[in-house]
$ cat input-v2.txt   # compact mmCIF, C-alpha atoms
# COMPACT_ATOMS: atom_id res chain seq x y z
CA MET A 26 0.00 0.00 0.00
CA ARG A 27 2.80 2.46 0.92
CA ILE A 28 4.52 1.58 -2.33
CA SER A 29 1.43 2.13 -4.51
CA ILE A 30 0.60 5.45 -2.79
CA THR A 31 4.21 6.60 -3.24
CA PHE A 32 4.10 5.60 -6.91
CA LEU A 33 0.83 7.53 -7.32
CA SER A 34 2.42 10.55 -5.63
CA GLY A 35 5.35 10.41 -8.06
CA LEU A 36 2.94 10.12 -10.98
CA VAL A 37 0.84 13.12 -9.91
CA PHE A 38 4.04 15.09 -9.25
CA GLY A 39 5.12 14.29 -12.81
CA PHE A 40 1.74 15.39 -14.22
CA GLY A 41 2.20 18.69 -12.39
CA LEU A 42 5.65 19.14 -13.97
CA ILE A 43 4.20 18.44 -17.43
CA VAL A 44 1.05 20.58 -17.14
CA SER A 45 2.97 23.56 -15.75
CA GLY A 46 5.82 23.23 -18.25
CA LEU A 47 8.47 22.75 -15.54
CA VAL A 48 9.55 19.60 -17.37
CA ASP A 49 10.76 21.74 -20.29
CA PRO A 50 14.25 23.25 -19.79
CA ALA A 51 13.57 25.98 -22.37
CA LYS A 52 10.68 27.21 -20.22
CA VAL A 53 12.68 26.94 -17.00
CA LEU A 54 15.53 29.01 -18.46
CA GLY A 55 12.95 31.64 -19.46
CA PHE A 56 11.74 31.67 -15.84
CA LEU A 57 15.30 32.02 -14.49
CA ASP A 58 16.03 34.85 -16.95
CA ILE A 59 14.76 37.35 -14.38
CA LEU A 60 17.39 39.92 -15.32
CA GLY A 61 16.67 39.56 -19.06
CA HIS A 62 13.52 38.41 -20.87
CA TRP A 63 11.66 36.99 -17.90
CA ASN A 64 8.86 34.50 -18.44
CA PRO A 65 7.13 34.55 -15.04
CA SER A 66 4.56 31.77 -15.58
CA LEU A 67 6.45 29.23 -13.44
CA ALA A 68 6.28 31.67 -10.53
CA PHE A 69 2.54 30.86 -10.46
CA THR A 70 3.44 27.16 -10.37
CA MET A 71 5.80 27.60 -7.42
CA GLY A 72 3.24 29.78 -5.64
CA ALA A 73 0.37 27.34 -6.21
CA ALA A 74 2.50 24.35 -5.21
CA VAL A 75 3.72 25.97 -1.98
CA LEU A 76 0.23 27.21 -1.05
CA THR A 77 -1.43 23.83 -1.74
CA THR A 78 1.27 22.05 0.25
CA ALA A 79 1.10 24.52 3.15
CA ILE A 80 -2.68 24.07 3.50
CA GLY A 81 -2.58 20.30 2.95
CA TYR A 82 0.32 19.72 5.37
CA ARG A 83 -1.50 21.72 8.04
CA MET A 84 -4.54 19.45 7.65
CA ALA A 85 -2.38 16.31 7.55
CA PHE A 86 -0.34 17.27 10.64
CA ARG A 87 -3.54 17.83 12.63
CA ARG A 88 -4.06 14.06 12.54
CA GLY A 89 -0.88 13.46 14.55
CA GLY A 90 0.50 10.74 12.29
CA PRO A 91 0.40 9.42 8.72
CA ILE A 92 -2.74 7.48 7.73
CA LEU A 93 -0.70 4.39 6.81
CA GLY A 94 1.07 4.40 10.19
CA GLY A 95 4.53 5.43 11.38
CA THR A 96 5.48 9.03 12.09
CA PHE A 97 5.82 12.22 10.06
CA MET A 98 9.43 12.31 8.87
CA VAL A 99 10.07 16.03 8.75
CA PRO A 100 13.62 17.45 8.83
CA THR A 101 14.48 18.95 12.21
CA LEU A 102 17.81 20.63 11.33
CA SER A 103 17.76 24.36 11.80
CA ASP A 104 21.35 25.59 11.23
CA ILE A 105 21.98 27.79 8.25
CA ASP A 106 25.55 26.66 7.49
CA ALA A 107 28.07 26.90 4.68
CA ARG A 108 27.18 23.39 3.58
CA LEU A 109 23.52 24.32 2.99
CA VAL A 110 24.23 27.62 1.26
CA GLY A 111 27.19 26.28 -0.75
CA GLY A 112 25.22 23.23 -1.88
CA ALA A 113 22.22 25.33 -2.88
CA ALA A 114 24.48 27.80 -4.71
CA LEU A 115 26.11 25.02 -6.79
CA PHE A 116 22.70 23.49 -7.41
CA GLY A 117 21.44 26.82 -8.77
CA VAL A 118 24.41 27.18 -11.12
CA GLY A 119 23.77 23.71 -12.56
CA TRP A 120 20.05 24.44 -12.83
CA GLY A 121 20.74 27.70 -14.66
CA LEU A 122 23.23 26.12 -17.07
CA VAL A 123 20.72 23.72 -18.63
CA GLY A 124 17.29 24.23 -17.05
CA PHE A 125 16.94 20.77 -15.50
CA CYS A 126 16.49 20.09 -11.80
CA PRO A 127 16.12 16.51 -10.47
CA GLY A 128 12.33 15.97 -10.84
CA PRO A 129 11.94 17.31 -14.37
CA ALA A 130 15.12 15.52 -15.49
CA VAL A 131 13.74 12.14 -14.41
CA ALA A 132 10.33 12.86 -15.96
CA ALA A 133 12.03 14.02 -19.18
CA LEU A 134 13.77 10.63 -19.50
CA ALA A 135 10.51 9.08 -20.68
CA THR A 136 10.09 11.68 -23.42
CA GLY A 137 13.04 9.92 -25.05
CA SER A 138 15.33 12.92 -24.63
CA ARG A 139 18.98 11.90 -24.96
CA SER A 140 19.95 15.14 -23.24
CA ALA A 141 17.89 14.15 -20.20
CA PHE A 142 19.64 10.78 -20.16
CA VAL A 143 23.11 12.39 -20.18
CA PHE A 144 22.03 14.90 -17.53
CA VAL A 145 20.57 12.23 -15.20
CA LEU A 146 23.72 10.07 -15.44
CA ALA A 147 25.87 13.09 -14.58
CA MET A 148 23.49 14.08 -11.77
CA LEU A 149 23.68 10.60 -10.22
CA SER A 150 27.50 10.82 -10.39
CA GLY A 151 27.36 14.18 -8.62
CA MET A 152 25.15 12.68 -5.92
CA LEU A 153 27.54 9.74 -5.46
CA LEU A 154 30.44 12.17 -5.26
CA ALA A 155 28.73 14.21 -2.53
CA ARG A 156 27.84 11.09 -0.55
CA ALA A 157 31.37 9.67 -0.94
CA SER A 158 32.96 12.92 0.21
CA ASP A 159 30.71 12.85 3.29
CA ILE A 160 31.78 9.32 4.16
CA LEU A 161 35.47 10.19 3.65
CA SER A 162 35.29 13.32 5.79
CA ALA A 163 33.34 11.43 8.49
CA SER A 164 35.99 8.68 8.62
CA ALA A 165 38.78 11.29 8.62
CA LEU A 166 37.12 12.99 11.59
CA ALA A 167 36.77 9.64 13.35
CA ALA A 168 40.44 8.83 12.66
CA ARG A 169 41.51 12.23 14.00
CA ALA A 170 39.37 11.76 17.10
CA ALA A 171 40.84 8.29 17.61
CA ALA A 172 44.41 9.62 17.22
CA LYS A 173 43.68 12.36 19.74
CA GLY A 174 42.18 9.83 22.13
CA GLY A 175 45.28 7.64 21.78
CA ARG A 176 47.62 10.46 22.79
CA GLN A 177 45.83 11.25 26.00
CA MET B 23 8.21 42.58 -21.65
CA LEU B 24 6.14 39.97 -19.83
CA ASN B 25 4.77 37.38 -22.23
CA LEU B 26 1.83 35.87 -20.39
CA ASP B 27 -1.61 34.76 -21.49
CA ALA B 28 -4.52 33.46 -19.41
CA ASN B 29 -4.14 29.83 -20.57
CA THR B 30 -0.46 29.73 -19.70
CA VAL B 31 -1.13 31.13 -16.25
CA LEU B 32 -3.99 28.67 -15.70
CA ALA B 33 -1.82 25.72 -16.76
CA ALA B 34 0.97 26.98 -14.50
CA ILE B 35 -1.40 27.16 -11.53
CA VAL B 36 -3.03 23.76 -12.22
CA GLY B 37 0.42 22.20 -12.51
CA GLY B 38 1.45 23.77 -9.22
CA VAL B 39 -1.67 22.50 -7.47
CA LEU B 40 -0.94 18.98 -8.78
CA ILE B 41 2.63 19.16 -7.44
CA GLY B 42 1.28 20.36 -4.09
CA ALA B 43 -1.41 17.65 -4.04
CA SER B 44 1.26 15.02 -4.65
CA ALA B 45 3.34 16.34 -1.74
CA VAL B 46 0.29 16.40 0.56
CA LEU B 47 -0.77 12.88 -0.46
CA LEU B 48 2.69 11.55 0.34
CA MET B 49 2.89 13.30 3.72
CA ALA B 50 -0.68 12.51 4.81
CA MET B 51 -0.44 8.82 3.87
CA THR B 52 3.22 7.89 4.47
CA GLY B 53 4.69 10.79 6.45
CA ARG B 54 7.37 11.59 3.88
CA ILE B 55 8.60 14.79 2.26
CA ALA B 56 8.26 14.74 -1.55
CA GLY B 57 11.92 15.53 -2.17
CA VAL B 58 13.09 14.21 -5.51
CA SER B 59 16.83 14.56 -4.84
CA GLY B 60 16.42 12.79 -1.48
CA PHE B 61 14.63 9.85 -3.07
CA LEU B 62 17.09 9.68 -5.99
CA SER B 63 20.35 10.01 -4.07
CA ARG B 64 19.30 7.37 -1.52
CA LEU B 65 18.70 4.92 -4.36
CA LEU B 66 22.50 4.92 -4.56
CA PRO B 67 24.69 3.02 -2.08
CA PRO B 68 25.48 2.93 0.80
CA TYR B 69 22.07 2.00 2.20
CA SER B 70 21.17 2.92 5.75
CA ASP B 71 17.63 1.50 5.78
CA ASP B 72 15.32 -0.82 3.82
CA GLU B 73 13.25 1.91 2.16
CA PHE B 74 14.70 1.27 -1.31
CA PRO B 75 11.40 0.01 -2.85
CA VAL B 76 9.48 3.06 -1.57
CA ARG B 77 12.04 5.46 -3.07
CA LEU B 78 12.07 3.54 -6.33
CA ALA B 79 8.25 3.73 -6.45
CA PHE B 80 8.29 7.55 -6.34
CA VAL B 81 10.98 7.78 -9.01
CA ALA B 82 9.11 5.23 -11.15
CA GLY B 83 5.91 7.29 -10.86
CA LEU B 84 7.79 10.38 -11.98
CA PHE B 85 9.33 8.48 -14.88
CA ALA B 86 5.94 7.02 -15.92
CA ALA B 87 4.16 10.40 -15.86
CA PRO B 88 4.96 11.51 -19.46
CA LEU B 89 4.04 8.04 -20.77
CA VAL B 90 0.66 7.96 -19.00
CA TYR B 91 0.01 11.61 -19.86
CA ALA B 92 0.82 11.09 -23.54
CA ALA B 93 -1.29 7.92 -23.71
CA ALA B 94 -4.28 9.65 -22.07
CA LEU B 95 -4.11 12.79 -24.21
CA VAL B 96 -2.85 11.07 -27.38
CA SER B 97 -0.13 13.70 -27.72
CA PRO B 98 3.48 13.21 -26.73
CA VAL B 99 5.17 15.41 -24.15
CA THR B 100 7.83 17.48 -25.90
CA ILE B 101 10.71 19.38 -24.37
CA GLU B 102 13.44 21.58 -25.77
CA VAL B 103 17.06 21.22 -24.68
CA THR B 104 19.67 23.25 -26.53
CA SER B 105 22.69 22.47 -24.34
CA ASN B 106 25.59 20.39 -25.68
CA VAL B 107 26.91 17.25 -23.98
CA PRO B 108 29.79 18.83 -21.98
CA LEU B 109 27.37 21.42 -20.61
CA LEU B 110 24.80 18.73 -19.74
CA VAL B 111 27.48 16.77 -17.87
CA ALA B 112 28.78 19.80 -15.96
CA ALA B 113 25.25 20.93 -15.07
CA GLY B 114 24.20 17.40 -14.02
CA VAL B 115 27.19 16.97 -11.70
CA LEU B 116 26.59 20.40 -10.13
CA VAL B 117 22.88 19.74 -9.63
CA GLY B 118 23.47 16.28 -8.13
CA PHE B 119 26.38 17.33 -5.90
CA GLY B 120 24.68 20.58 -4.85
CA ALA B 121 21.35 18.94 -4.04
CA VAL B 122 22.98 16.38 -1.72
CA ARG B 123 25.23 18.96 -0.01
CA GLY B 124 22.34 21.40 0.30
CA SER B 125 20.00 18.66 1.59
CA GLY B 126 17.37 19.22 -1.07
CA CYS B 127 16.30 20.66 -4.37
CA THR B 128 13.44 22.55 -5.95
CA SER B 129 10.93 20.02 -4.58
CA GLY B 130 12.20 19.29 -1.07
CA HIS B 131 13.23 22.87 -0.23
CA GLY B 132 11.34 24.86 -2.89
CA VAL B 133 7.93 23.27 -2.33
CA CYS B 134 7.80 21.14 0.84
CA GLY B 135 10.27 23.11 2.98
CA ASN B 136 8.90 26.52 2.11
CA ALA B 137 5.37 25.25 2.78
CA ARG B 138 6.53 24.39 6.32
CA LEU B 139 8.21 27.82 6.56
CA SER B 140 11.53 26.08 7.24
CA PRO B 141 14.25 28.75 7.52
CA ARG B 142 16.79 26.38 5.93
CA SER B 143 14.53 25.87 2.92
CA LEU B 144 13.85 29.59 2.54
CA VAL B 145 17.61 30.28 2.55
CA ALA B 146 18.30 27.40 0.13
CA THR B 147 15.53 28.53 -2.25
CA CYS B 148 16.70 32.16 -2.30
CA THR B 149 20.26 30.94 -2.85
CA PHE B 150 19.56 28.63 -5.79
CA MET B 151 17.14 31.09 -7.39
CA THR B 152 19.85 33.77 -7.20
CA THR B 153 22.71 31.66 -8.56
CA GLY B 154 20.35 30.18 -11.18
CA ALA B 155 19.27 33.63 -12.37
CA LEU B 156 22.88 34.89 -12.40
CA THR B 157 23.97 31.82 -14.38
CA VAL B 158 21.24 32.33 -16.99
CA TYR B 159 22.16 36.00 -17.19
CA ALA B 160 25.83 35.18 -17.72
CA MET B 161 25.09 32.48 -20.31
CA ARG B 162 22.52 34.45 -22.29
CA HIS B 163 23.49 38.05 -21.99
CA MET B 164 27.23 38.06 -21.33
CA LEU B 165 28.51 34.97 -23.18
CA GLY B 166 25.73 35.08 -25.77
CA GLY B 167 25.14 31.35 -25.31
$ encode --input "input-v2.txt" --output "C-alpha cells"
Amino acid sequence: MRISITFLSGLVFGFGLIVSGLVDPAKVLGFLDILGHWNPSLAFTMGAAVLTTAIGYRMAFRRGGPILGGTFMVPTLSDIDARLVGGAALFGVGWGLVGFCPGPAVAALATGSRSAFVFVLAMLSGMLLARASDILSASALAARAAAKGGRQ
Amino acid sequence: MLNLDANTVLAAIVGGVLIGASAVLLMAMTGRIAGVSGFLSRLLPPYSDDEFPVRLAFVAGLFAAPLVYAAALVSPVTIEVTSNVPLLVAAGVLVGFGAVRGSGCTSGHGVCGNARLSPRSLVATCTFMTTGALTVYAMRHMLGG
C-alpha cells in the first residue's frame, strides 16, 4: 500500500511538472532569466505548489501521524551553514546552465530525450560524489578523534 | 516585456496544485517529504535502511508520468534542450552534488520546505534562485550562449 501510494504521488508530481511546463528546460531558463527576458509563468506554479502544500500539510499534521502508520518524517535541522548555502548555490548554477532540476530531469527521460539521459547520469555521479565525500570526511574525523584519544 | 496569457497562467497554476497535491498525499499517507533529490540520491549506495522500494516507487511514478500523460491525451510530451553534452554533464554533476550537499532541491526545499516555513529551505531557495538567475544572465546576456 505504501509503495502504490508513493508511486501515485510520483505520478501526480510528474503530471504537475508536465502541465505547468516545468519539465521543459527551455521554459525553466525563461523563468530564471529574471534579469533579461523573464517568463514569469512558473512563478505561479511555485506559488500554487507551496500554497497547496502549506494548506494540505496543516490538515495532515492535525491528525498526529500518517494514515498508513509510522510518524511524520520532517527534517528537524535548523542551522543555516556553509554546507547548505554552498550546496544550494552550486545546485542553482547547474540548474541555470541547462534548465533541468532533479524531478523534471527524471520525468524528461521518458520523453526519449537523450539530453535528459546524459544529464541524469551526470546528476547521479554528482550525488555519489557528494555522498562519498561525506563518508570520507566522516571517517577522517573519526580517525583524528581516535588519534587524539590515543595520545591522552 | 512579460509574455503571459490566461491559458499559460492557468496551466501553471493547475500544474502547481498537482505538485502540491502530490506532496500532501505523500505526507498525509506515508509521512514523507516529496523531495526528488532525497529519493534519488538514496537509491544509490550505501544504504542505511530498507526503504529502497518506496524510493524507487516515487521515481518510477515520476518516470511514468509523461508516458501515462501522452497515452491519455494522445499527444506526446515534448521538451526543448539546446545544451551540448559537456554542458549537460557539468550541469548534471553540479545539480546532483549541490542537491545532496544542500540537503534538497526545488521540490524538497522549494515546495515542501517553504510550505513548512523552514528557515533552511527559505535560505536554500533564495540561494539557488539567485545563482540560477545569475547563471542564466551570464550564459545568455554576457557569453551570448
$ closest_residue --input "input-v2.txt" --among "B:Gly60, B:Val158, B:Ala113, B:Val39" --to "A:Leu54" --atoms "all atoms listed in the file"
B:Val158
$ axis_aligned_box --input "input-v2.txt" --around "stretch 87-100 of chain A" --padding-each-side "6 Å" --output "JSON"
{"center_x": 4.8, "center_y": 11.1, "center_z": 10.7, "size_x": 29.7, "size_y": 25.4, "size_z": 19.7}
$ closest_residue --input "input-v2.txt" --among "B:Val122, B:Ala56, B:Val96, B:Leu109" --to "A:Leu149" --atoms "all atoms listed in the file"
B:Val122
$ residues_around --input "input-v2.txt" --residues "stretch 137-144 of chain A" --least-positions-apart "3" --cutoff "7 Å" --atoms "all atoms listed in the file" --output "MDAnalysis selection string"
(chainID A and resid 130 133:134 147:148) or (chainID B and resid 103 110:111 114)
$ closest_residue --input "input-v2.txt" --among "A:Ala167, A:Ile160, A:Ile80, A:Leu36" --to "chain B" --atoms "only C-alpha atoms"
A:Leu36
$ closest_residue --input "input-v2.txt" --among "A:Thr101, A:Ser29, A:Ser158, A:Thr70" --to "chain B" --atoms "all atoms listed in the file"
A:Thr70
$ atom_distance --input "input-v2.txt" --atom1 "atom CA of A:Phe97" --atom2 "atom CA of B:Val145"
22.8 Å
$ residues_around --input "input-v2.txt" --residues "B:Gly154" --least-positions-apart "4" --cutoff "10 Å" --atoms "all atoms listed in the file" --output "short mmCIF file (atom, residue, chain, number, x, y, z; two decimals) with C-alpha atoms, in the coordinates of the input"
data_model
loop_
_atom_site.label_atom_id
_atom_site.label_comp_id
_atom_site.auth_asym_id
_atom_site.auth_seq_id
_atom_site.Cartn_x
_atom_site.Cartn_y
_atom_site.Cartn_z
CA LEU A 54 15.53 29.01 -18.46
CA PHE A 56 11.74 31.67 -15.84
CA LEU A 57 15.30 32.02 -14.49
CA ASP A 58 16.03 34.85 -16.95
CA ILE A 59 14.76 37.35 -14.38
CA ALA A 113 22.22 25.33 -2.88
CA ALA A 114 24.48 27.80 -4.71
CA LEU A 115 26.11 25.02 -6.79
CA PHE A 116 22.70 23.49 -7.41
CA GLY A 117 21.44 26.82 -8.77
CA VAL A 118 24.41 27.18 -11.12
CA GLY A 119 23.77 23.71 -12.56
CA TRP A 120 20.05 24.44 -12.83
CA GLY A 121 20.74 27.70 -14.66
CA LEU A 122 23.23 26.12 -17.07
CA VAL A 123 20.72 23.72 -18.63
CA GLY A 124 17.29 24.23 -17.05
CA CYS B 148 16.70 32.16 -2.30
CA THR B 149 20.26 30.94 -2.85
CA PHE B 150 19.56 28.63 -5.79
CA VAL B 158 21.24 32.33 -16.99
CA TYR B 159 22.16 36.00 -17.19
CA ALA B 160 25.83 35.18 -17.72
#
$ residues_near_point --input "input-v2.txt" --point "(3.4, 13.5, -12.1)" --cutoff "8 Å" --atoms "only C-alpha atoms" --output "ChimeraX atom specification"
/A:34-43,132 /B:40-41,44,83-84,86-88
$ write_last_selection --input "input-v2.txt" --atoms "C-alpha atoms" --output "CSV table (one decimal), keeping the file's coordinate frame"
chain,number,residue,atom,x,y,z
A,34,SER,CA,2.4,10.6,-5.6
A,35,GLY,CA,5.4,10.4,-8.1
A,36,LEU,CA,2.9,10.1,-11.0
A,37,VAL,CA,0.8,13.1,-9.9
A,38,PHE,CA,4.0,15.1,-9.2
A,39,GLY,CA,5.1,14.3,-12.8
A,40,PHE,CA,1.7,15.4,-14.2
A,41,GLY,CA,2.2,18.7,-12.4
A,42,LEU,CA,5.6,19.1,-14.0
A,43,ILE,CA,4.2,18.4,-17.4
A,132,ALA,CA,10.3,12.9,-16.0
B,40,LEU,CA,-0.9,19.0,-8.8
B,41,ILE,CA,2.6,19.2,-7.4
B,44,SER,CA,1.3,15.0,-4.6
B,83,GLY,CA,5.9,7.3,-10.9
B,84,LEU,CA,7.8,10.4,-12.0
B,86,ALA,CA,5.9,7.0,-15.9
B,87,ALA,CA,4.2,10.4,-15.9
B,88,PRO,CA,5.0,11.5,-19.5
$ residues_near_point --input "input-v2.txt" --point "(23.9, 25.8, 0.5)" --cutoff "12 Å" --atoms "all atoms listed in the file" --output "MDAnalysis selection string"
(chainID A and resid 104:118) or (chainID B and resid 117 119:127 131 142:153)
$ closest_residue --input "input-v2.txt" --among "B:Ala28, B:Cys134, B:Ala82, B:Leu139" --to "B:Gly57" --atoms "all atoms listed in the file"
B:Cys134
$ atom_distance --input "input-v2.txt" --atom1 "atom CA of B:Val133" --atom2 "atom CA of B:Gly42"
7.5 Å
$ closest_residue --input "input-v2.txt" --among "A:Leu102, A:Arg156, A:Thr136, A:Met71" --to "B:Val99" --atoms "all atoms listed in the file"
A:Thr136
$ residues_around --input "input-v2.txt" --residues "A:Lys52" --least-positions-apart "4" --cutoff "9 Å" --atoms "only C-alpha atoms" --output "tab-separated table (two decimals) with C-alpha atoms, in the frame of the given file"
chain	number	residue	atom	x	y	z
A	46	GLY	CA	5.82	23.23	-18.25
A	47	LEU	CA	8.47	22.75	-15.54
A	48	VAL	CA	9.55	19.60	-17.37
A	56	PHE	CA	11.74	31.67	-15.84
A	57	LEU	CA	15.30	32.02	-14.49
A	64	ASN	CA	8.86	34.50	-18.44
A	66	SER	CA	4.56	31.77	-15.58
A	67	LEU	CA	6.45	29.23	-13.44
A	124	GLY	CA	17.29	24.23	-17.05
B	101	ILE	CA	10.71	19.38	-24.37
B	102	GLU	CA	13.44	21.58	-25.77
$ atom_distance --input "input-v2.txt" --atom1 "atom CA of A:Ala157" --atom2 "atom CA of B:Pro67"
9.5 Å
$ decode --input "input-v2.txt" --residues "stretch 99-130 of chain A" --atoms "N, CA and C atoms" --output "compact mmCIF listing (two decimals), in the first residue's frame"
# COMPACT_ATOMS: atom_id res chain seq x y z
N VAL A 99 9.83 14.65 9.17
CA VAL A 99 10.07 16.03 8.75
C VAL A 99 11.45 16.45 9.25
N PRO A 100 12.28 17.06 8.40
CA PRO A 100 13.62 17.45 8.83
C PRO A 100 13.58 18.37 10.05
N THR A 101 14.49 18.13 10.99
CA THR A 101 14.48 18.95 12.21
C THR A 101 15.70 19.86 12.30
N LEU A 102 16.62 19.77 11.31
CA LEU A 102 17.81 20.63 11.33
C LEU A 102 17.37 22.08 11.25
N SER A 103 18.13 22.96 11.90
CA SER A 103 17.76 24.36 11.80
C SER A 103 18.96 25.26 11.51
N ASP A 104 20.19 24.72 11.46
CA ASP A 104 21.35 25.59 11.23
C ASP A 104 21.45 25.99 9.77
N ILE A 105 21.69 27.28 9.58
CA ILE A 105 21.98 27.79 8.25
C ILE A 105 23.51 27.77 8.16
N ASP A 106 24.09 26.76 7.52
CA ASP A 106 25.55 26.66 7.49
C ASP A 106 26.08 26.76 6.06
N ALA A 107 27.40 26.75 5.97
CA ALA A 107 28.07 26.90 4.68
C ALA A 107 27.72 25.74 3.75
N ARG A 108 27.51 24.59 4.35
CA ARG A 108 27.18 23.39 3.58
C ARG A 108 25.84 23.57 2.85
N LEU A 109 24.85 24.10 3.56
CA LEU A 109 23.52 24.32 2.99
C LEU A 109 23.59 25.37 1.88
N VAL A 110 24.20 26.51 2.21
CA VAL A 110 24.23 27.62 1.26
C VAL A 110 25.12 27.28 0.06
N GLY A 111 26.29 26.67 0.34
CA GLY A 111 27.19 26.28 -0.75
C GLY A 111 26.55 25.26 -1.67
N GLY A 112 25.89 24.26 -1.08
CA GLY A 112 25.22 23.23 -1.88
C GLY A 112 24.13 23.84 -2.74
N ALA A 113 23.31 24.69 -2.14
CA ALA A 113 22.22 25.33 -2.88
C ALA A 113 22.76 26.23 -3.99
N ALA A 114 23.89 26.90 -3.71
CA ALA A 114 24.48 27.80 -4.71
C ALA A 114 24.95 26.99 -5.93
N LEU A 115 25.65 25.87 -5.68
CA LEU A 115 26.11 25.02 -6.79
C LEU A 115 24.92 24.44 -7.55
N PHE A 116 23.91 24.03 -6.80
CA PHE A 116 22.70 23.49 -7.41
C PHE A 116 22.10 24.52 -8.38
N GLY A 117 22.03 25.77 -7.93
CA GLY A 117 21.44 26.82 -8.77
C GLY A 117 22.23 27.05 -10.04
N VAL A 118 23.57 26.99 -9.93
CA VAL A 118 24.41 27.18 -11.12
C VAL A 118 24.12 26.07 -12.14
N GLY A 119 24.07 24.83 -11.67
CA GLY A 119 23.77 23.71 -12.56
C GLY A 119 22.39 23.83 -13.17
N TRP A 120 21.44 24.26 -12.37
CA TRP A 120 20.05 24.44 -12.83
C TRP A 120 20.00 25.50 -13.93
N GLY A 121 20.74 26.60 -13.71
CA GLY A 121 20.74 27.70 -14.66
C GLY A 121 21.50 27.39 -15.95
N LEU A 122 22.45 26.45 -15.87
CA LEU A 122 23.23 26.12 -17.07
C LEU A 122 22.36 25.43 -18.13
N VAL A 123 21.47 24.53 -17.67
CA VAL A 123 20.72 23.72 -18.63
C VAL A 123 19.20 23.88 -18.49
N GLY A 124 18.73 24.10 -17.26
CA GLY A 124 17.29 24.23 -17.05
C GLY A 124 16.64 22.98 -16.48
N PHE A 125 17.47 21.98 -16.13
CA PHE A 125 16.94 20.77 -15.50
C PHE A 125 17.23 20.80 -14.01
N CYS A 126 16.23 20.45 -13.19
CA CYS A 126 16.49 20.09 -11.80
C CYS A 126 16.07 18.61 -11.67
N PRO A 127 16.27 17.97 -10.51
CA PRO A 127 16.12 16.51 -10.47
C PRO A 127 14.76 15.96 -10.93
N GLY A 128 13.64 16.52 -10.46
CA GLY A 128 12.33 15.97 -10.84
C GLY A 128 12.08 16.02 -12.33
N PRO A 129 12.14 17.20 -12.93
CA PRO A 129 11.94 17.31 -14.37
C PRO A 129 12.91 16.45 -15.19
N ALA A 130 14.15 16.32 -14.73
CA ALA A 130 15.12 15.52 -15.49
C ALA A 130 14.69 14.06 -15.56
